[in-house]
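Undergrad: Let me give you the structure first, and then I'll get to my questions.
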Amino acid sequence: MPSALSVPGARLTGMSIDDDDVRLRPVVDDDLEAFLAYEHDEEAVRRSRFTPRPREAFMTHWREWVLGDDTVLVRTVTVAGEVAGSVVAWWDGDRRFIGYWLGRAYWGRGIGSRALTLFLECEKNRPLYADPFNGNTGSVRLLEKLGFLRTGIVRHGEDEHVLLVLS
């Protein structure tokens, strides 16, 4: 795991963030290193209940299945020019899902709200589904704040996830 100084966003800790500082742009290959570091953050893993992928599997997944699929809409979230995370929408059967991942330096500062608001302006498909881990109350609250409604519980392995829908 990279040290705190090498993790993107480390220099932004304590910095005031304005809505204008949060932007979305297309993903470039260099962004994947930051995404990989964020996916391997221990606290992020605990909150999301998502098992991080080894580096090669991660890169293959992103290059072939995310960036290589023209039905997937994905954007890099930047804050003051730094890579803060990603937002993605994909098809799972006949349902369109949304997911996001932000580096820990960007949590709890309104960045997720702003980034998802911008993304929802681009992603026009409705209904739109999300299924965060039930224990990730911050993510559940964020999605509800943006208009997603709880419609049930789904299981991924042994974990319960909240099924939310934006009509």
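Identifiers in the structure tokens: chain A, B, ... in order shown; residue index from 1 per chain; ligand index from 1 in order shown.
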What's the 9 Å shell around Arg126 of chain A, counting only C-alpha atoms, without same-chain residues fewer than 6 positions away, as a ChimeraX atom specification?
TA: /A:96,165-167
Undergrad: Using only C-alpha atoms, what does the table of segment 70-130 of chain A residues within 9 Å of segment 38-49 of chain A look like, with each row giving the shortest atom pair and its distance in Å to one decimal, sorted by chain and ascending number, as a Markdown table?
TA:
| residue | atom | partner | partner_atom | distance |
| --- | --- | --- | --- | --- |
| A:Ala84 | CA | A:Tyr38 | CA | 8.9 |
| A:Gly85 | CA | A:Tyr38 | CA | 7.6 |
| A:Trp101 | CA | A:Tyr38 | CA | 7.5 |
| A:Leu102 | CA | A:Tyr38 | CA | 6.9 |
| A:Gly103 | CA | A:Tyr38 | CA | 5.0 |
| A:Arg104 | CA | A:Ala44 | CA | 7.3 |
Undergrad: Any chance you can output those residues with N, CA, C and O atoms as an mmCIF file, in the first residue's frame?
TA:
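The resulting file, again38.cif, is shown below:
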data_model
loop_
_atom_site.group_PDB
_atom_site.id
_atom_site.type_symbol
_atom_site.label_atom_id
_atom_site.label_comp_id
_atom_site.auth_asym_id
_atom_site.auth_seq_id
_atom_site.Cartn_x
_atom_site.Cartn_y
_atom_site.Cartn_z
ATOM 1 N N ALA A 84 -9.802 12.176 -7.620
ATOM 2 C CA ALA A 84 -10.479 11.879 -6.355
ATOM 3 C C ALA A 84 -11.185 10.534 -6.377
ATOM 4 O O ALA A 84 -11.450 9.965 -5.324
ATOM 5 N N GLY A 85 -11.515 10.027 -7.564
ATOM 6 C CA GLY A 85 -12.233 8.758 -7.653
ATOM 7 C C GLY A 85 -12.907 8.604 -8.993
ATOM 8 O O GLY A 85 -12.531 9.253 -9.974
ATOM 9 N N TRP A 101 -16.581 5.417 -6.315
ATOM 10 C CA TRP A 101 -15.524 5.126 -5.355
ATOM 11 C C TRP A 101 -14.678 6.389 -5.227
ATOM 12 O O TRP A 101 -14.189 6.900 -6.230
ATOM 13 N N LEU A 102 -14.559 6.882 -4.029
ATOM 14 C CA LEU A 102 -13.730 8.057 -3.768
ATOM 15 C C LEU A 102 -12.607 7.688 -2.820
ATOM 16 O O LEU A 102 -12.795 6.853 -1.919
ATOM 17 N N GLY A 103 -11.458 8.313 -3.013
ATOM 18 C CA GLY A 103 -10.366 8.144 -2.069
ATOM 19 C C GLY A 103 -10.747 8.717 -0.711
ATOM 20 O O GLY A 103 -11.540 9.657 -0.616
ATOM 21 N N ARG A 104 -10.193 8.150 0.353
ATOM 22 C CA ARG A 104 -10.570 8.534 1.710
ATOM 23 C C ARG A 104 -10.375 10.028 1.983
ATOM 24 O O ARG A 104 -11.134 10.628 2.742
#
Undergrad: Using only C-alpha atoms, which residues sit within 12 Å of Arg114 of chain A once same-chain residues fewer than 6 positions away are excluded, as a compact mmCIF listing (two decimals) with N, CA, C and O atoms, in the first residue's frame?
TA:
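Contents of result21.txt, freshly written:
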# COMPACT_ATOMS: atom_id res chain seq x y z
N ILE A 17 -13.18 22.91 0.04
CA ILE A 17 -13.53 22.51 -1.31
C ILE A 17 -14.81 23.23 -1.73
O ILE A 17 -15.81 23.19 -1.02
N ASP A 18 -14.79 23.88 -2.87
CA ASP A 18 -15.97 24.51 -3.45
C ASP A 18 -16.55 23.57 -4.51
O ASP A 18 -15.83 22.75 -5.08
N ASP A 19 -17.85 23.74 -4.79
CA ASP A 19 -18.48 22.93 -5.83
C ASP A 19 -17.73 23.02 -7.15
O ASP A 19 -17.62 22.04 -7.89
N ASP A 20 -17.19 24.20 -7.47
CA ASP A 20 -16.48 24.39 -8.73
C ASP A 20 -15.17 23.61 -8.79
O ASP A 20 -14.63 23.38 -9.87
N ASP A 21 -14.64 23.19 -7.63
CA ASP A 21 -13.41 22.40 -7.59
C ASP A 21 -13.65 20.96 -8.00
O ASP A 21 -12.71 20.24 -8.35
N VAL A 22 -14.91 20.51 -7.92
CA VAL A 22 -15.27 19.12 -8.23
C VAL A 22 -15.69 19.04 -9.68
O VAL A 22 -16.63 19.73 -10.10
N ARG A 23 -15.00 18.19 -10.43
CA ARG A 23 -15.29 18.07 -11.86
C ARG A 23 -15.29 16.61 -12.27
O ARG A 23 -14.68 15.77 -11.61
N LEU A 24 -15.90 16.36 -13.41
CA LEU A 24 -15.87 15.04 -14.03
C LEU A 24 -15.19 15.17 -15.37
O LEU A 24 -15.35 16.18 -16.06
N VAL A 77 -13.54 11.52 -11.22
CA VAL A 77 -13.87 12.67 -10.38
C VAL A 77 -12.55 13.34 -10.03
O VAL A 77 -11.61 12.69 -9.57
N THR A 78 -12.47 14.65 -10.28
CA THR A 78 -11.28 15.40 -9.87
C THR A 78 -11.69 16.50 -8.90
O THR A 78 -12.81 17.01 -8.96
N VAL A 79 -10.78 16.81 -8.01
CA VAL A 79 -10.95 17.91 -7.06
C VAL A 79 -9.70 18.76 -7.14
O VAL A 79 -8.60 18.26 -6.89
N VAL A 87 -16.92 7.51 -11.03
CA VAL A 87 -18.35 7.24 -11.02
C VAL A 87 -18.63 6.46 -12.30
O VAL A 87 -18.13 6.80 -13.36
N TYR A 106 -11.24 12.36 0.37
CA TYR A 106 -12.36 13.09 -0.20
C TYR A 106 -13.69 12.78 0.47
O TYR A 106 -14.72 13.30 0.06
N TRP A 107 -13.69 11.93 1.47
CA TRP A 107 -14.94 11.55 2.14
C TRP A 107 -15.42 12.67 3.06
O TRP A 107 -14.63 13.39 3.67
N GLY A 108 -16.75 12.77 3.19
CA GLY A 108 -17.35 13.65 4.18
C GLY A 108 -17.17 15.13 3.93
O GLY A 108 -17.29 15.93 4.87
N LEU A 120 -25.26 12.42 -12.66
CA LEU A 120 -26.67 12.17 -12.96
C LEU A 120 -27.21 13.11 -14.04
O LEU A 120 -28.22 12.81 -14.67
N GLU A 121 -26.53 14.22 -14.27
CA GLU A 121 -26.88 15.10 -15.38
C GLU A 121 -26.47 14.48 -16.72
O GLU A 121 -27.08 14.77 -17.75
N LEU A 142 -26.07 9.37 1.16
CA LEU A 142 -25.75 10.20 -0.01
C LEU A 142 -26.71 9.90 -1.15
O LEU A 142 -27.29 10.81 -1.76
N LEU A 143 -26.90 8.63 -1.46
CA LEU A 143 -27.79 8.26 -2.56
C LEU A 143 -29.23 8.67 -2.27
O LEU A 143 -29.94 9.18 -3.15
N LYS A 145 -30.15 11.18 -0.43
CA LYS A 145 -30.16 12.65 -0.55
C LYS A 145 -30.35 13.07 -2.01
O LYS A 145 -30.97 14.10 -2.30
N LEU A 146 -29.84 12.25 -2.93
CA LEU A 146 -29.94 12.56 -4.36
C LEU A 146 -31.23 12.03 -4.99
O LEU A 146 -31.40 12.12 -6.20
Undergrad: Which residues are close to Leu73 of chain A, i.e. within 9 Å by only C-alpha atoms, leaving aside same-chain residues fewer than 6 positions away? Reply as a ChimeraX atom specification.
TA: /A:66-67,87-90,122-123
Undergrad: How about saving the chosen residues, N, CA and C atoms kept, as a tab-separated table (two decimals), in the first residue's frame?
TA:
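Result went into result-v1.tsv, see below:
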chain	number	residue	atom	x	y	z
A	66	VAL	N	-14.69	-2.17	-18.25
A	66	VAL	CA	-15.25	-0.84	-17.97
A	66	VAL	C	-14.98	0.07	-19.17
A	67	LEU	N	-13.72	0.35	-19.42
A	67	LEU	CA	-13.37	1.26	-20.52
A	67	LEU	C	-13.62	0.64	-21.89
A	87	VAL	N	-16.92	7.51	-11.03
A	87	VAL	CA	-18.35	7.24	-11.02
A	87	VAL	C	-18.63	6.46	-12.30
A	88	VAL	N	-19.45	5.43	-12.18
A	88	VAL	CA	-19.69	4.56	-13.32
A	88	VAL	C	-21.15	4.09	-13.34
A	89	ALA	N	-21.69	3.92	-14.55
A	89	ALA	CA	-23.01	3.33	-14.74
A	89	ALA	C	-22.87	2.19	-15.74
A	90	TRP	N	-23.53	1.07	-15.47
A	90	TRP	CA	-23.43	-0.12	-16.30
A	90	TRP	C	-24.74	-0.88	-16.28
A	122	CYS	N	-25.44	13.63	-16.72
A	122	CYS	CA	-24.96	12.96	-17.93
A	122	CYS	C	-25.67	11.63	-18.15
A	123	GLU	N	-25.89	10.89	-17.08
A	123	GLU	CA	-26.53	9.57	-17.15
A	123	GLU	C	-28.03	9.76	-17.10
Undergrad: Excluding Pro132 of chain A and residues on its chain fewer than 3 positions from it, collect all residues at most 7 Å away from it, counting only C-alpha atoms, and give them as number ranges by chain.
TA: A: 48, 136, 139-140, 161-162
Undergrad: Give me a file of those residues, with N, CA and C atoms, as a CSV table (one decimal), in the first residue's frame.
TA:
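New file result.csv:
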chain,number,residue,atom,x,y,z
A,48,SER,N,-17.2,-0.8,2.3
A,48,SER,CA,-17.9,-1.3,1.1
A,48,SER,C,-18.2,-2.8,1.0
A,136,ASN,N,-22.7,0.6,5.1
A,136,ASN,CA,-22.1,1.8,4.5
A,136,ASN,C,-23.1,3.0,4.6
A,139,SER,N,-22.8,6.2,2.3
A,139,SER,CA,-23.1,6.0,0.9
A,139,SER,C,-24.6,5.9,0.8
A,140,VAL,N,-25.3,5.2,1.6
A,140,VAL,CA,-26.7,5.0,1.6
A,140,VAL,C,-27.4,6.4,1.7
A,161,HIS,N,-27.0,-5.8,1.1
A,161,HIS,CA,-26.9,-4.5,0.5
A,161,HIS,C,-28.2,-3.9,0.3
A,162,VAL,N,-28.3,-2.6,0.4
A,162,VAL,CA,-29.6,-1.9,0.2
A,162,VAL,C,-29.8,-1.7,-1.3
Undergrad: Here is a test: counting only C-alpha atoms, which residue of A:Ser86, A:Thr151, A:Thr51, A:Thr71 is nearest to Leu32 of chain A?
TA: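 So, comparing all the options, the nearest one is A:Ser86.
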Undergrad: Let's see if you can do this: from backbone DSSP, list all strand (DSSP E or B) residues in chain A, as number ranges by chain.
TA: A: 22-25, 73-79, 82-92, 95-102, 128-130, 133, 149-156, 159-166
Undergrad: Identify, with DSSP run on backbone atoms, the residues in segment 25-92 of chain A assigned to helix (DSSP H, G or I), and express the list as a PDB file with N, CA, C and O atoms, in the first residue's frame.
TA:
ATOM      1  N   ASP A  31      -5.229   7.383 -14.594  1.00  0.00           N
ATOM      2  CA  ASP A  31      -6.141   7.433 -13.450  1.00  0.00           C
ATOM      3  C   ASP A  31      -6.230   6.091 -12.731  1.00  0.00           C
ATOM      4  O   ASP A  31      -6.537   6.043 -11.529  1.00  0.00           O
ATOM      5  N   LEU A  32      -5.977   5.012 -13.455  1.00  0.00           N
ATOM      6  CA  LEU A  32      -6.177   3.682 -12.890  1.00  0.00           C
ATOM      7  C   LEU A  32      -5.296   3.416 -11.678  1.00  0.00           C
ATOM      8  O   LEU A  32      -5.692   2.694 -10.764  1.00  0.00           O
ATOM      9  N   GLU A  33      -4.117   4.009 -11.629  1.00  0.00           N
ATOM     10  CA  GLU A  33      -3.233   3.820 -10.467  1.00  0.00           C
ATOM     11  C   GLU A  33      -3.875   4.384  -9.202  1.00  0.00           C
ATOM     12  O   GLU A  33      -3.812   3.776  -8.136  1.00  0.00           O
ATOM     13  N   ALA A  34      -4.488   5.565  -9.313  1.00  0.00           N
ATOM     14  CA  ALA A  34      -5.186   6.141  -8.161  1.00  0.00           C
ATOM     15  C   ALA A  34      -6.387   5.288  -7.792  1.00  0.00           C
ATOM     16  O   ALA A  34      -6.620   5.006  -6.610  1.00  0.00           O
ATOM     17  N   PHE A  35      -7.157   4.847  -8.787  1.00  0.00           N
ATOM     18  CA  PHE A  35      -8.324   4.003  -8.513  1.00  0.00           C
ATOM     19  C   PHE A  35      -7.902   2.726  -7.786  1.00  0.00           C
ATOM     20  O   PHE A  35      -8.579   2.276  -6.860  1.00  0.00           O
ATOM     21  N   LEU A  36      -6.793   2.134  -8.215  1.00  0.00           N
ATOM     22  CA  LEU A  36      -6.284   0.919  -7.578  1.00  0.00           C
ATOM     23  C   LEU A  36      -5.932   1.186  -6.117  1.00  0.00           C
ATOM     24  O   LEU A  36      -6.305   0.419  -5.225  1.00  0.00           O
ATOM     25  N   ALA A  37      -5.235   2.277  -5.857  1.00  0.00           N
ATOM     26  CA  ALA A  37      -4.872   2.625  -4.473  1.00  0.00           C
ATOM     27  C   ALA A  37      -6.127   2.821  -3.636  1.00  0.00           C
ATOM     28  O   ALA A  37      -6.197   2.338  -2.495  1.00  0.00           O
ATOM     29  N   TYR A  38      -7.127   3.483  -4.165  1.00  0.00           N
ATOM     30  CA  TYR A  38      -8.364   3.718  -3.418  1.00  0.00           C
ATOM     31  C   TYR A  38      -9.086   2.405  -3.129  1.00  0.00           C
ATOM     32  O   TYR A  38      -9.638   2.228  -2.049  1.00  0.00           O
ATOM     33  N   GLU A  39      -9.101   1.494  -4.111  1.00  0.00           N
ATOM     34  CA  GLU A  39      -9.781   0.213  -3.916  1.00  0.00           C
ATOM     35  C   GLU A  39      -9.106  -0.619  -2.830  1.00  0.00           C
ATOM     36  O   GLU A  39      -9.750  -1.435  -2.191  1.00  0.00           O
ATOM     37  N   GLU A  42      -7.833   0.126   3.344  1.00  0.00           N
ATOM     38  CA  GLU A  42      -8.454  -0.797   4.305  1.00  0.00           C
ATOM     39  C   GLU A  42      -9.813  -0.324   4.796  1.00  0.00           C
ATOM     40  O   GLU A  42     -10.745  -1.116   4.933  1.00  0.00           O
ATOM     41  N   GLU A  43      -9.952   0.952   5.086  1.00  0.00           N
ATOM     42  CA  GLU A  43     -11.232   1.464   5.575  1.00  0.00           C
ATOM     43  C   GLU A  43     -12.289   1.436   4.474  1.00  0.00           C
ATOM     44  O   GLU A  43     -13.454   1.128   4.727  1.00  0.00           O
ATOM     45  N   ALA A  44     -11.906   1.716   3.252  1.00  0.00           N
ATOM     46  CA  ALA A  44     -12.846   1.651   2.127  1.00  0.00           C
ATOM     47  C   ALA A  44     -13.325   0.213   1.923  1.00  0.00           C
ATOM     48  O   ALA A  44     -14.507  -0.026   1.670  1.00  0.00           O
ATOM     49  N   VAL A  45     -12.416  -0.732   2.044  1.00  0.00           N
ATOM     50  CA  VAL A  45     -12.773  -2.150   1.911  1.00  0.00           C
ATOM     51  C   VAL A  45     -13.759  -2.536   3.011  1.00  0.00           C
ATOM     52  O   VAL A  45     -14.760  -3.206   2.768  1.00  0.00           O
ATOM     53  N   ARG A  46     -13.482  -2.094   4.235  1.00  0.00           N
ATOM     54  CA  ARG A  46     -14.365  -2.417   5.360  1.00  0.00           C
ATOM     55  C   ARG A  46     -15.756  -1.833   5.139  1.00  0.00           C
ATOM     56  O   ARG A  46     -16.759  -2.518   5.341  1.00  0.00           O
ATOM     57  N   ARG A  47     -15.831  -0.598   4.702  1.00  0.00           N
ATOM     58  CA  ARG A  47     -17.130   0.061   4.527  1.00  0.00           C
ATOM     59  C   ARG A  47     -17.914  -0.482   3.346  1.00  0.00           C
ATOM     60  O   ARG A  47     -19.137  -0.542   3.390  1.00  0.00           O
ATOM     61  N   SER A  48     -17.241  -0.818   2.282  1.00  0.00           N
ATOM     62  CA  SER A  48     -17.931  -1.257   1.064  1.00  0.00           C
ATOM     63  C   SER A  48     -18.204  -2.757   1.046  1.00  0.00           C
ATOM     64  O   SER A  48     -19.069  -3.214   0.319  1.00  0.00           O
ATOM     65  N   ARG A  55      -3.532  -6.318  -8.594  1.00  0.00           N
ATOM     66  CA  ARG A  55      -3.252  -5.286  -9.597  1.00  0.00           C
ATOM     67  C   ARG A  55      -3.605  -5.707 -11.019  1.00  0.00           C
ATOM     68  O   ARG A  55      -4.301  -4.984 -11.737  1.00  0.00           O
ATOM     69  N   GLU A  56      -3.125  -6.860 -11.466  1.00  0.00           N
ATOM     70  CA  GLU A  56      -3.373  -7.268 -12.860  1.00  0.00           C
ATOM     71  C   GLU A  56      -4.856  -7.489 -13.121  1.00  0.00           C
ATOM     72  O   GLU A  56      -5.374  -7.091 -14.172  1.00  0.00           O
ATOM     73  N   ALA A  57      -5.560  -8.115 -12.192  1.00  0.00           N
ATOM     74  CA  ALA A  57      -6.996  -8.329 -12.357  1.00  0.00           C
ATOM     75  C   ALA A  57      -7.733  -6.991 -12.380  1.00  0.00           C
ATOM     76  O   ALA A  57      -8.678  -6.799 -13.156  1.00  0.00           O
ATOM     77  N   PHE A  58      -7.305  -6.070 -11.543  1.00  0.00           N
ATOM     78  CA  PHE A  58      -7.904  -4.736 -11.504  1.00  0.00           C
ATOM     79  C   PHE A  58      -7.731  -4.048 -12.858  1.00  0.00           C
ATOM     80  O   PHE A  58      -8.688  -3.515 -13.430  1.00  0.00           O
ATOM     81  N   MET A  59      -6.500  -4.029 -13.358  1.00  0.00           N
ATOM     82  CA  MET A  59      -6.220  -3.341 -14.627  1.00  0.00           C
ATOM     83  C   MET A  59      -6.980  -3.988 -15.778  1.00  0.00           C
ATOM     84  O   MET A  59      -7.541  -3.291 -16.633  1.00  0.00           O
ATOM     85  N   THR A  60      -7.038  -5.300 -15.805  1.00  0.00           N
ATOM     86  CA  THR A  60      -7.783  -6.002 -16.853  1.00  0.00           C
ATOM     87  C   THR A  60      -9.259  -5.651 -16.777  1.00  0.00           C
ATOM     88  O   THR A  60      -9.892  -5.345 -17.794  1.00  0.00           O
ATOM     89  N   HIS A  61      -9.812  -5.703 -15.566  1.00  0.00           N
ATOM     90  CA  HIS A  61     -11.226  -5.351 -15.393  1.00  0.00           C
ATOM     91  C   HIS A  61     -11.498  -3.948 -15.922  1.00  0.00           C
ATOM     92  O   HIS A  61     -12.445  -3.742 -16.706  1.00  0.00           O
ATOM     93  N   TRP A  62     -10.715  -2.982 -15.517  1.00  0.00           N
ATOM     94  CA  TRP A  62     -10.958  -1.608 -15.938  1.00  0.00           C
ATOM     95  C   TRP A  62     -10.749  -1.417 -17.437  1.00  0.00           C
ATOM     96  O   TRP A  62     -11.566  -0.781 -18.104  1.00  0.00           O
ATOM     97  N   ARG A  63      -9.666  -1.954 -17.966  1.00  0.00           N
ATOM     98  CA  ARG A  63      -9.360  -1.710 -19.389  1.00  0.00           C
ATOM     99  C   ARG A  63     -10.312  -2.453 -20.317  1.00  0.00           C
ATOM    100  O   ARG A  63     -10.723  -1.907 -21.347  1.00  0.00           O
ATOM    101  N   GLU A  64     -10.677  -3.687 -19.966  1.00  0.00           N
ATOM    102  CA  GLU A  64     -11.509  -4.491 -20.863  1.00  0.00           C
ATOM    103  C   GLU A  64     -13.003  -4.352 -20.581  1.00  0.00           C
ATOM    104  O   GLU A  64     -13.792  -4.241 -21.509  1.00  0.00           O
ATOM    105  N   TRP A  65     -13.398  -4.397 -19.315  1.00  0.00           N
ATOM    106  CA  TRP A  65     -14.815  -4.487 -18.970  1.00  0.00           C
ATOM    107  C   TRP A  65     -15.458  -3.138 -18.676  1.00  0.00           C
ATOM    108  O   TRP A  65     -16.665  -2.992 -18.819  1.00  0.00           O
ATOM    109  N   VAL A  66     -14.692  -2.169 -18.245  1.00  0.00           N
ATOM    110  CA  VAL A  66     -15.253  -0.844 -17.974  1.00  0.00           C
ATOM    111  C   VAL A  66     -14.981   0.069 -19.167  1.00  0.00           C
ATOM    112  O   VAL A  66     -15.902   0.489 -19.868  1.00  0.00           O
TER     113      VAL A  66
END
Undergrad: Quick check, in Å to one decimal: how far apart do atom CA of Glu160 of chain A and atom CA of Phe133 of chain A lie?
TA: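 So the two atoms, atom CA of Glu160 of chain A and atom CA of Phe133 of chain A, lie 6.2 Å apart.
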Undergrad: For the atom pair atom CA of Gly112 of chain A and atom CA of Arg155 of chain A, what is the interatomic distance in Å to one decimal place?
TA: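 Interatomic distance, atom CA of Gly112 of chain A to atom CA of Arg155 of chain A: 24.4 Å.
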Undergrad: Restricting the calculation to only C-alpha atoms, which member of A:Arg25, A:Arg141, A:His156, A:Arg95 is positioned closest to Ala115 of chain A?
TA: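 When distances to Ala115 of chain A are compared using only C-alpha atoms, the smallest one comes from A:Arg25.
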Undergrad: Restricting the calculation to only C-alpha atoms, which member of A:Gly135, A:Tyr129, A:Pro54, A:Phe148 is positioned closest to Asp92 of chain A?
TA: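 That would be A:Tyr129, the residue with the smallest distance to Asp92 of chain A.
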